[in-house]
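Comments concern the structure below.
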Amino acid sequence: MTVNKNIQVAVADDHTLLRNALARLINSFENYKVLFEASNGQDVKEKLNKHIIPDIILLDVNMPDIDGYETAKWIYKNFPQVKILALSMFSDENIIIRMLRLGAKGYIMKNAEPEELKLALDSVLHKDFYLSELISGKIISGLHKDMDKPNEPVHLTEKEKEFLKWVCTELTYKDIATKMFVSPRTVDDYRNSLFEKLGVKTRVGLVIYAIKHSMVEI
């Protein structure tokens, strides 16, 4: 009989009551288990350096000592396999975009419903990104502010353009490969090529580029 492996989650937030409540909630989700809790970035670093490594870390942006920005940057550099879901009470587009650029796979508000947290964790795990409609709107708003800045066009092949459009959907990379009639390895090649050409590090970065350059309809 096959036993489903629990998805290990870390919760980093300096507010003890909220952190404990989030941990209890996540533990109530099927196939999810909280591996550890942390009160700040230093705490996160110490645990990861001891090889206590989760699949996903729910990371508060505003923490004392070492905040979410610095922690996300450090995690992305040293433990890129850990997927970061940013957590905040603020929906400011500058904060959102900054966290995504530092390697976060998604962004969720502290006032989100439990169902949205479960959806966000599932999406970050299986689709490599999560943006709610509210957050997507904030990002688009922030990008529109920069539209008057001239940018040198980047040459993309037709296949790369097609791949970018599929990236902006809910499909997994495996599903995109099927849609494009190519192998998953070829899709990985498209993704890595675009990371290099566009100077981004995540699927979210690809989505932001596609939106900014009107490659997909809003």
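To be explicit about the labels: the chains of the structure tokens are called A, B, and onward in the order shown, and within each one the residues are counted from 1, while ligands get numbers from 1 in the order they are shown.
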
Could you list, as a list in words, every residue within 12 Å of Tyr69 of chain A, counting only C-alpha atoms and ignoring same-chain residues fewer than 4 positions away?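 Final neighbour list, sorted by chain and number: Asn40, Gly41, Leu59, Asp60, Val61, Asn62, Met63, Pro64, Asp65, Lys73, Trp74, Ile75, Tyr76, Ile84, Ala86, Leu87, Ser88, Ile95, Ile96, Ile97, Arg98, Met99, Leu100, Arg101, Leu102, Gly103 and Ala104 of chain A.
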
Please, which residues in segment 80-135 of chain A fall within 12 Å of segment 6-18 of chain A when counting only C-alpha atoms, and what is the closest atom pair and distance in Å to one decimal for each, ordered by chain then residue number, as a Markdown table?
| residue | atom | partner | partner_atom | distance |
| --- | --- | --- | --- | --- |
| A:Val82 | CA | A:Val9 | CA | 9.5 |
| A:Lys83 | CA | A:Val9 | CA | 9.5 |
| A:Ile84 | CA | A:Ala10 | CA | 9.7 |
| A:Leu85 | CA | A:Val11 | CA | 9.8 |
| A:Ala86 | CA | A:Ala12 | CA | 9.7 |
| A:Leu87 | CA | A:Asp13 | CA | 8.6 |
| A:Ser88 | CA | A:Asp13 | CA | 9.6 |
| A:Met89 | CA | A:Asp13 | CA | 11.6 |
| A:Lys110 | CA | A:Leu18 | CA | 9.2 |
| A:Asn111 | CA | A:Leu18 | CA | 11.0 |
| A:Lys118 | CA | A:Val9 | CA | 11.8 |
| A:Leu121 | CA | A:Val9 | CA | 9.1 |
| A:Asp122 | CA | A:Ile7 | CA | 9.8 |
| A:Val124 | CA | A:Val9 | CA | 11.7 |
| A:Leu125 | CA | A:Ile7 | CA | 8.9 |
| A:His126 | CA | A:Ile7 | CA | 11.3 |

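The two atoms in question, atom CA of Phe79 of chain A and atom CA of Ile53 of chain A, are spaced 8.4 Å apart.
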
If you run DSSP on this backbone, which residues of segment 82-131 of chain A come out as helix (DSSP H, G or I), and could you give them as a short mmCIF file (atom, residue, chain, number, x, y, z; two decimals) with N, CA, C and O atoms, in the first residue's frame?
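Result file is selection_16.cif:
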data_model
loop_
_atom_site.label_atom_id
_atom_site.label_comp_id
_atom_site.auth_asym_id
_atom_site.auth_seq_id
_atom_site.Cartn_x
_atom_site.Cartn_y
_atom_site.Cartn_z
N GLU A 93 1.86 47.12 -3.89
CA GLU A 93 2.44 46.44 -5.06
C GLU A 93 3.96 46.41 -5.03
O GLU A 93 4.58 45.47 -5.53
N ASN A 94 4.59 47.43 -4.44
CA ASN A 94 6.05 47.45 -4.37
C ASN A 94 6.59 46.32 -3.49
O ASN A 94 7.62 45.71 -3.80
N ILE A 95 5.90 46.06 -2.38
CA ILE A 95 6.30 44.97 -1.49
C ILE A 95 6.13 43.64 -2.19
O ILE A 95 7.01 42.77 -2.15
N ILE A 96 5.00 43.48 -2.87
CA ILE A 96 4.70 42.22 -3.56
C ILE A 96 5.77 41.93 -4.61
O ILE A 96 6.37 40.85 -4.63
N ILE A 97 6.01 42.90 -5.48
CA ILE A 97 6.96 42.70 -6.57
C ILE A 97 8.36 42.46 -6.02
O ILE A 97 9.11 41.62 -6.54
N ARG A 98 8.73 43.18 -4.97
CA ARG A 98 10.06 42.99 -4.38
C ARG A 98 10.23 41.57 -3.86
O ARG A 98 11.28 40.94 -4.10
N MET A 99 9.22 41.05 -3.17
CA MET A 99 9.33 39.68 -2.66
C MET A 99 9.40 38.66 -3.79
O MET A 99 10.16 37.70 -3.73
N LEU A 100 8.62 38.89 -4.85
CA LEU A 100 8.66 37.96 -5.98
C LEU A 100 10.01 37.98 -6.66
O LEU A 100 10.54 36.94 -7.07
N ARG A 101 10.60 39.16 -6.77
CA ARG A 101 11.92 39.27 -7.39
C ARG A 101 13.01 38.64 -6.54
O ARG A 101 14.05 38.24 -7.05
N PRO A 114 -8.98 30.46 5.24
CA PRO A 114 -8.23 29.20 5.29
C PRO A 114 -8.19 28.47 3.95
O PRO A 114 -7.16 27.89 3.58
N GLU A 115 -9.30 28.52 3.21
CA GLU A 115 -9.35 27.85 1.91
C GLU A 115 -8.33 28.43 0.94
O GLU A 115 -7.74 27.71 0.12
N GLU A 116 -8.10 29.76 1.04
CA GLU A 116 -7.13 30.38 0.14
C GLU A 116 -5.71 29.97 0.51
O GLU A 116 -4.87 29.76 -0.37
N LEU A 117 -5.43 29.84 1.81
CA LEU A 117 -4.10 29.39 2.22
C LEU A 117 -3.83 28.00 1.68
O LEU A 117 -2.74 27.72 1.17
N LYS A 118 -4.82 27.10 1.77
CA LYS A 118 -4.65 25.74 1.24
C LYS A 118 -4.41 25.80 -0.27
O LYS A 118 -3.52 25.11 -0.80
N LEU A 119 -5.18 26.63 -0.97
CA LEU A 119 -5.01 26.77 -2.41
C LEU A 119 -3.63 27.31 -2.75
O LEU A 119 -2.97 26.83 -3.69
N ALA A 120 -3.17 28.30 -1.96
CA ALA A 120 -1.86 28.90 -2.20
C ALA A 120 -0.75 27.88 -1.99
O ALA A 120 0.18 27.79 -2.80
N LEU A 121 -0.83 27.08 -0.94
CA LEU A 121 0.18 26.06 -0.68
C LEU A 121 0.19 25.02 -1.81
O LEU A 121 1.25 24.64 -2.31
N ASP A 122 -0.99 24.58 -2.22
CA ASP A 122 -1.09 23.61 -3.32
C ASP A 122 -0.49 24.17 -4.60
O ASP A 122 0.24 23.48 -5.32
N SER A 123 -0.81 25.43 -4.89
CA SER A 123 -0.35 26.04 -6.15
C SER A 123 1.16 26.24 -6.15
O SER A 123 1.83 25.98 -7.16
N VAL A 124 1.70 26.70 -5.04
CA VAL A 124 3.16 26.89 -4.95
C VAL A 124 3.87 25.55 -5.10
O VAL A 124 4.90 25.44 -5.78
N LEU A 125 3.30 24.51 -4.52
CA LEU A 125 3.92 23.19 -4.56
C LEU A 125 3.86 22.59 -5.97
O LEU A 125 4.87 22.11 -6.50
N HIS A 126 2.69 22.63 -6.58
CA HIS A 126 2.47 21.89 -7.83
C HIS A 126 2.63 22.74 -9.08
O HIS A 126 2.94 22.21 -10.15
N LYS A 127 2.39 24.05 -8.98
CA LYS A 127 2.43 24.91 -10.16
C LYS A 127 3.56 25.94 -10.10
O LYS A 127 3.75 26.72 -11.02
#

Coordinates-based distance that separates atom CA of Glu113 of chain A from atom CA of Leu25 of chain A (Å, one decimal): 10.9 Å

Which of chain A end up as strand (DSSP E or B) when DSSP is run on this backbone - answer as a count of residues only? 30

Could you work out how far atom CA of Met215 of chain A lies from atom CA of Leu156 of chain A, giving the answer in Å with one decimal? 11.5 Å

When you look at segment 205-209 of chain A with a cut-off of 7 Å (counting only C-alpha atoms), what residues show up, excluding the ones that are within fewer than 5 positions of it in the same chain? I need them as a VMD selection string. chain A and resid 101 164 167 to 168 200

Write out the residues from the selection above, keeping C-alpha atoms, as a compact mmCIF listing (two decimals), in the first residue's frame.
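Final file, part.txt:
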# COMPACT_ATOMS: atom_id res chain seq x y z
CA ARG A 101 11.92 39.27 -7.39
CA LEU A 164 5.32 32.35 -22.17
CA VAL A 167 3.16 29.95 -18.37
CA CYS A 168 0.49 32.58 -17.60
CA VAL A 200 14.23 36.72 -14.05

Near Tyr173 of chain A, counting only C-alpha atoms, which residues have an atom at most 12 Å away, once you skip same-chain residues fewer than 3 positions from it, shown as an mmCIF file with all heavy atoms, in the first residue's frame?
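Okay, result_30.cif is ready:
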data_model
loop_
_atom_site.group_PDB
_atom_site.id
_atom_site.type_symbol
_atom_site.label_atom_id
_atom_site.label_comp_id
_atom_site.auth_asym_id
_atom_site.auth_seq_id
_atom_site.Cartn_x
_atom_site.Cartn_y
_atom_site.Cartn_z
ATOM 1 N N HIS A 126 2.686 22.625 -6.578
ATOM 2 C CA HIS A 126 2.473 21.891 -7.826
ATOM 3 C C HIS A 126 2.627 22.744 -9.084
ATOM 4 O O HIS A 126 2.936 22.212 -10.153
ATOM 5 C CB HIS A 126 1.087 21.250 -7.822
ATOM 6 C CG HIS A 126 0.879 20.256 -6.724
ATOM 7 N ND1 HIS A 126 1.599 19.081 -6.646
ATOM 8 C CD2 HIS A 126 0.057 20.277 -5.634
ATOM 9 C CE1 HIS A 126 1.225 18.403 -5.565
ATOM 10 N NE2 HIS A 126 0.293 19.105 -4.936
ATOM 11 N N LYS A 127 2.390 24.049 -8.980
ATOM 12 C CA LYS A 127 2.434 24.911 -10.165
ATOM 13 C C LYS A 127 3.555 25.937 -10.098
ATOM 14 O O LYS A 127 3.751 26.720 -11.021
ATOM 15 C CB LYS A 127 1.090 25.611 -10.352
ATOM 16 C CG LYS A 127 -0.065 24.637 -10.562
ATOM 17 C CD LYS A 127 -1.403 25.344 -10.582
ATOM 18 C CE LYS A 127 -2.539 24.341 -10.736
ATOM 19 N NZ LYS A 127 -3.864 24.996 -10.648
ATOM 20 N N ASP A 128 4.258 25.967 -8.962
ATOM 21 C CA ASP A 128 5.434 26.816 -8.790
ATOM 22 C C ASP A 128 5.109 28.299 -8.635
ATOM 23 O O ASP A 128 5.999 29.130 -8.672
ATOM 24 C CB ASP A 128 6.424 26.625 -9.948
ATOM 25 C CG ASP A 128 7.865 26.771 -9.491
ATOM 26 O OD1 ASP A 128 8.157 26.412 -8.349
ATOM 27 O OD2 ASP A 128 8.685 27.267 -10.273
ATOM 28 N N PHE A 129 3.841 28.655 -8.490
ATOM 29 C CA PHE A 129 3.507 30.053 -8.215
ATOM 30 C C PHE A 129 2.074 30.169 -7.717
ATOM 31 O O PHE A 129 1.248 29.286 -7.927
ATOM 32 C CB PHE A 129 3.700 30.925 -9.457
ATOM 33 C CG PHE A 129 2.600 30.826 -10.489
ATOM 34 C CD1 PHE A 129 1.743 31.888 -10.733
ATOM 35 C CD2 PHE A 129 2.434 29.668 -11.234
ATOM 36 C CE1 PHE A 129 0.737 31.787 -11.684
ATOM 37 C CE2 PHE A 129 1.446 29.569 -12.197
ATOM 38 C CZ PHE A 129 0.587 30.634 -12.420
ATOM 39 N N PHE A 163 5.427 29.436 -25.239
ATOM 40 C CA PHE A 163 5.653 28.943 -23.885
ATOM 41 C C PHE A 163 5.271 30.006 -22.848
ATOM 42 O O PHE A 163 4.623 29.699 -21.842
ATOM 43 C CB PHE A 163 7.124 28.547 -23.718
ATOM 44 C CG PHE A 163 7.516 28.218 -22.306
ATOM 45 C CD1 PHE A 163 7.096 27.045 -21.701
ATOM 46 C CD2 PHE A 163 8.310 29.093 -21.569
ATOM 47 C CE1 PHE A 163 7.453 26.748 -20.392
ATOM 48 C CE2 PHE A 163 8.672 28.806 -20.260
ATOM 49 C CZ PHE A 163 8.244 27.627 -19.677
ATOM 50 N N LEU A 164 5.651 31.260 -23.092
ATOM 51 C CA LEU A 164 5.321 32.349 -22.171
ATOM 52 C C LEU A 164 3.817 32.459 -21.969
ATOM 53 O O LEU A 164 3.343 32.710 -20.851
ATOM 54 C CB LEU A 164 5.866 33.674 -22.697
ATOM 55 C CG LEU A 164 7.184 34.187 -22.105
ATOM 56 C CD1 LEU A 164 7.524 35.549 -22.680
ATOM 57 C CD2 LEU A 164 7.125 34.258 -20.587
ATOM 58 N N TRP A 166 1.582 30.083 -22.255
ATOM 59 C CA TRP A 166 1.110 28.966 -21.441
ATOM 60 C C TRP A 166 1.517 29.123 -19.979
ATOM 61 O O TRP A 166 0.803 28.693 -19.073
ATOM 62 C CB TRP A 166 1.660 27.646 -21.998
ATOM 63 C CG TRP A 166 1.004 27.171 -23.255
ATOM 64 C CD1 TRP A 166 1.595 26.966 -24.471
ATOM 65 C CD2 TRP A 166 -0.366 26.825 -23.441
ATOM 66 N NE1 TRP A 166 0.677 26.527 -25.396
ATOM 67 C CE2 TRP A 166 -0.540 26.423 -24.785
ATOM 68 C CE3 TRP A 166 -1.480 26.814 -22.594
ATOM 69 C CZ2 TRP A 166 -1.766 26.021 -25.307
ATOM 70 C CZ3 TRP A 166 -2.703 26.408 -23.107
ATOM 71 C CH2 TRP A 166 -2.843 26.021 -24.441
ATOM 72 N N VAL A 167 2.684 29.730 -19.745
ATOM 73 C CA VAL A 167 3.159 29.950 -18.375
ATOM 74 C C VAL A 167 2.159 30.797 -17.581
ATOM 75 O O VAL A 167 2.031 30.650 -16.365
ATOM 76 C CB VAL A 167 4.545 30.632 -18.401
ATOM 77 C CG1 VAL A 167 4.869 31.281 -17.068
ATOM 78 C CG2 VAL A 167 5.628 29.597 -18.714
ATOM 79 N N CYS A 168 1.444 31.667 -18.262
ATOM 80 C CA CYS A 168 0.494 32.575 -17.599
ATOM 81 C C CYS A 168 -0.842 31.908 -17.282
ATOM 82 O O CYS A 168 -1.777 32.565 -16.819
ATOM 83 C CB CYS A 168 0.259 33.811 -18.462
ATOM 84 S SG CYS A 168 1.750 34.796 -18.707
ATOM 85 N N THR A 169 -0.942 30.610 -17.538
ATOM 86 C CA THR A 169 -2.142 29.859 -17.195
ATOM 87 C C THR A 169 -1.898 29.065 -15.912
ATOM 88 O O THR A 169 -0.826 29.142 -15.315
ATOM 89 C CB THR A 169 -2.526 28.888 -18.328
ATOM 90 O OG1 THR A 169 -1.552 27.831 -18.392
ATOM 91 C CG2 THR A 169 -2.569 29.621 -19.672
ATOM 92 N N GLU A 170 -2.879 28.271 -15.527
ATOM 93 C CA GLU A 170 -2.757 27.437 -14.330
ATOM 94 C C GLU A 170 -2.078 26.098 -14.614
ATOM 95 O O GLU A 170 -1.939 25.262 -13.717
ATOM 96 C CB GLU A 170 -4.154 27.182 -13.743
ATOM 97 C CG GLU A 170 -4.807 28.417 -13.150
ATOM 98 C CD GLU A 170 -4.082 28.893 -11.904
ATOM 99 O OE1 GLU A 170 -3.979 28.123 -10.933
ATOM 100 O OE2 GLU A 170 -3.606 30.032 -11.909
ATOM 101 N N ILE A 176 2.103 21.909 -19.870
ATOM 102 C CA ILE A 176 2.518 22.804 -20.957
ATOM 103 C C ILE A 176 3.258 22.013 -22.034
ATOM 104 O O ILE A 176 3.054 22.229 -23.233
ATOM 105 C CB ILE A 176 3.399 23.944 -20.409
ATOM 106 C CG1 ILE A 176 2.557 24.884 -19.530
ATOM 107 C CG2 ILE A 176 4.037 24.742 -21.558
ATOM 108 C CD1 ILE A 176 3.375 25.945 -18.793
ATOM 109 N N ALA A 177 4.094 21.092 -21.607
ATOM 110 C CA ALA A 177 4.825 20.253 -22.572
ATOM 111 C C ALA A 177 3.850 19.486 -23.451
ATOM 112 O O ALA A 177 4.026 19.394 -24.672
ATOM 113 C CB ALA A 177 5.749 19.293 -21.823
ATOM 114 N N THR A 178 2.792 18.962 -22.846
ATOM 115 C CA THR A 178 1.779 18.219 -23.603
ATOM 116 C C THR A 178 1.084 19.139 -24.602
ATOM 117 O O THR A 178 0.877 18.768 -25.768
ATOM 118 C CB THR A 178 0.737 17.606 -22.646
ATOM 119 O OG1 THR A 178 1.403 16.715 -21.741
ATOM 120 C CG2 THR A 178 -0.322 16.843 -23.420
ATOM 121 N N LYS A 179 0.715 20.341 -24.151
ATOM 122 C CA LYS A 179 0.029 21.298 -25.021
ATOM 123 C C LYS A 179 0.903 21.711 -26.204
ATOM 124 O O LYS A 179 0.407 21.958 -27.306
ATOM 125 C CB LYS A 179 -0.365 22.542 -24.227
ATOM 126 C CG LYS A 179 -1.490 22.334 -23.229
ATOM 127 C CD LYS A 179 -2.831 22.184 -23.922
ATOM 128 C CE LYS A 179 -3.968 22.121 -22.912
ATOM 129 N NZ LYS A 179 -5.278 21.953 -23.588
ATOM 130 N N MET A 180 2.209 21.798 -25.967
ATOM 131 C CA MET A 180 3.121 22.247 -27.016
ATOM 132 C C MET A 180 3.679 21.085 -27.852
ATOM 133 O O MET A 180 4.465 21.311 -28.770
ATOM 134 C CB MET A 180 4.277 23.044 -26.389
ATOM 135 C CG MET A 180 3.852 24.353 -25.752
ATOM 136 S SD MET A 180 5.260 25.310 -25.074
ATOM 137 C CE MET A 180 6.102 25.784 -26.609
ATOM 138 N N VAL A 182 5.845 18.821 -27.009
ATOM 139 C CA VAL A 182 7.283 18.677 -26.813
ATOM 140 C C VAL A 182 7.509 17.912 -25.510
ATOM 141 O O VAL A 182 6.582 17.683 -24.734
ATOM 142 C CB VAL A 182 8.013 20.050 -26.752
ATOM 143 C CG1 VAL A 182 7.847 20.801 -28.061
ATOM 144 C CG2 VAL A 182 7.499 20.884 -25.587
ATOM 145 N N SER A 183 8.747 17.541 -25.261
ATOM 146 C CA SER A 183 9.069 16.806 -24.036
ATOM 147 C C SER A 183 9.200 17.778 -22.855
ATOM 148 O O SER A 183 9.466 18.969 -23.046
ATOM 149 C CB SER A 183 10.388 16.062 -24.204
ATOM 150 O OG SER A 183 11.466 16.977 -24.271
ATOM 151 N N PRO A 184 9.008 17.280 -21.631
ATOM 152 C CA PRO A 184 9.223 18.130 -20.452
ATOM 153 C C PRO A 184 10.627 18.728 -20.420
ATOM 154 O O PRO A 184 10.819 19.850 -19.964
ATOM 155 C CB PRO A 184 8.999 17.163 -19.283
ATOM 156 C CG PRO A 184 8.048 16.142 -19.820
ATOM 157 C CD PRO A 184 8.454 15.960 -21.255
ATOM 158 N N ARG A 185 11.621 17.989 -20.916
ATOM 159 C CA ARG A 185 12.991 18.507 -20.945
ATOM 160 C C ARG A 185 13.083 19.733 -21.864
ATOM 161 O O ARG A 185 13.784 20.697 -21.552
ATOM 162 C CB ARG A 185 13.958 17.418 -21.415
ATOM 163 C CG ARG A 185 15.428 17.865 -21.418
ATOM 164 C CD ARG A 185 16.312 16.738 -21.925
ATOM 165 N NE ARG A 185 16.338 15.621 -20.997
ATOM 166 C CZ ARG A 185 17.227 15.488 -20.025
ATOM 167 N NH1 ARG A 185 18.162 16.408 -19.847
ATOM 168 N NH2 ARG A 185 17.198 14.449 -19.225
ATOM 169 N N THR A 186 12.362 19.694 -22.991
ATOM 170 C CA THR A 186 12.361 20.835 -23.904
ATOM 171 C C THR A 186 11.715 22.046 -23.253
ATOM 172 O O THR A 186 12.183 23.183 -23.403
ATOM 173 C CB THR A 186 11.620 20.482 -25.210
ATOM 174 O OG1 THR A 186 12.281 19.377 -25.837
ATOM 175 C CG2 THR A 186 11.608 21.658 -26.168
ATOM 176 N N VAL A 187 10.654 21.808 -22.511
ATOM 177 C CA VAL A 187 10.000 22.904 -21.780
ATOM 178 C C VAL A 187 10.961 23.504 -20.761
ATOM 179 O O VAL A 187 11.023 24.731 -20.586
ATOM 180 C CB VAL A 187 8.705 22.402 -21.097
ATOM 181 C CG1 VAL A 187 8.289 23.334 -19.962
ATOM 182 C CG2 VAL A 187 7.578 22.316 -22.118
ATOM 183 N N ASP A 188 11.726 22.655 -20.091
ATOM 184 C CA ASP A 188 12.745 23.153 -19.153
ATOM 185 C C ASP A 188 13.761 24.037 -19.882
ATOM 186 O O ASP A 188 14.214 25.059 -19.344
ATOM 187 C CB ASP A 188 13.480 21.990 -18.478
ATOM 188 C CG ASP A 188 12.621 21.269 -17.458
ATOM 189 O OD1 ASP A 188 11.593 21.835 -17.041
ATOM 190 O OD2 ASP A 188 12.975 20.138 -17.078
ATOM 191 N N ASP A 189 14.113 23.635 -21.111
ATOM 192 C CA ASP A 189 15.061 24.428 -21.898
ATOM 193 C C ASP A 189 14.476 25.802 -22.234
ATOM 194 O O ASP A 189 15.167 26.820 -22.152
ATOM 195 C CB ASP A 189 15.430 23.693 -23.193
ATOM 196 C CG ASP A 189 16.308 22.474 -22.948
ATOM 197 O OD1 ASP A 189 16.921 22.398 -21.866
ATOM 198 O OD2 ASP A 189 16.354 21.599 -23.832
ATOM 199 N N TYR A 190 13.183 25.833 -22.625
ATOM 200 C CA TYR A 190 12.522 27.115 -22.899
ATOM 201 C C TYR A 190 12.547 28.000 -21.659
ATOM 202 O O TYR A 190 12.856 29.191 -21.723
ATOM 203 C CB TYR A 190 11.063 26.899 -23.323
ATOM 204 C CG TYR A 190 10.858 26.225 -24.658
ATOM 205 C CD1 TYR A 190 9.750 25.421 -24.882
ATOM 206 C CD2 TYR A 190 11.770 26.390 -25.703
ATOM 207 C CE1 TYR A 190 9.543 24.793 -26.105
ATOM 208 C CE2 TYR A 190 11.573 25.764 -26.925
ATOM 209 C CZ TYR A 190 10.462 24.968 -27.124
ATOM 210 O OH TYR A 190 10.261 24.353 -28.331
ATOM 211 N N ARG A 191 12.198 27.405 -20.523
ATOM 212 C CA ARG A 191 12.145 28.154 -19.270
ATOM 213 C C ARG A 191 13.510 28.726 -18.908
ATOM 214 O O ARG A 191 13.633 29.926 -18.603
ATOM 215 C CB ARG A 191 11.658 27.240 -18.139
ATOM 216 C CG ARG A 191 11.568 27.932 -16.769
ATOM 217 C CD ARG A 191 11.383 26.906 -15.682
ATOM 218 N NE ARG A 191 12.523 25.991 -15.630
ATOM 219 C CZ ARG A 191 12.468 24.760 -15.126
ATOM 220 N NH1 ARG A 191 11.337 24.266 -14.657
ATOM 221 N NH2 ARG A 191 13.559 24.009 -15.098
ATOM 222 N N ARG A 203 8.919 31.571 -12.169
ATOM 223 C CA ARG A 203 7.768 31.570 -13.084
ATOM 224 C C ARG A 203 6.988 32.868 -12.946
ATOM 225 O O ARG A 203 6.501 33.411 -13.937
ATOM 226 C CB ARG A 203 6.864 30.369 -12.781
ATOM 227 C CG ARG A 203 5.646 30.288 -13.685
ATOM 228 C CD ARG A 203 4.920 28.973 -13.534
ATOM 229 N NE ARG A 203 3.752 28.924 -14.411
ATOM 230 C CZ ARG A 203 3.069 27.828 -14.702
ATOM 231 N NH1 ARG A 203 3.439 26.667 -14.191
ATOM 232 N NH2 ARG A 203 2.015 27.860 -15.505
#

So, with only C-alpha atoms as the atoms that count, which of A:Glu196, A:Glu160, A:Asp55, A:Asp175 lies closest to Gln81 of chain A?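 Nearest candidate to Gln81 of chain A out of A:Glu196, A:Glu160, A:Asp55, A:Asp175: A:Asp55.
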
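Restricting the calculation to only C-alpha atoms, the smallest distance between Asp43 of chain A and any of A:Asn20, A:Ser132, A:Thr71, A:Asn27 is found for A:Thr71.
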
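Distances here use only C-alpha atoms; by that measure, the residue among A:His213, A:Arg19, A:Lys201, A:Lys161 closest to Ala38 of chain A is A:Arg19.
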
Taking only C-alpha atoms into account, which of A:Ala21, A:Leu58, A:Ile66, A:Ile52 comes nearest Met109 of chain A?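 Closest to Met109 of chain A, using only C-alpha atoms: A:Leu58.
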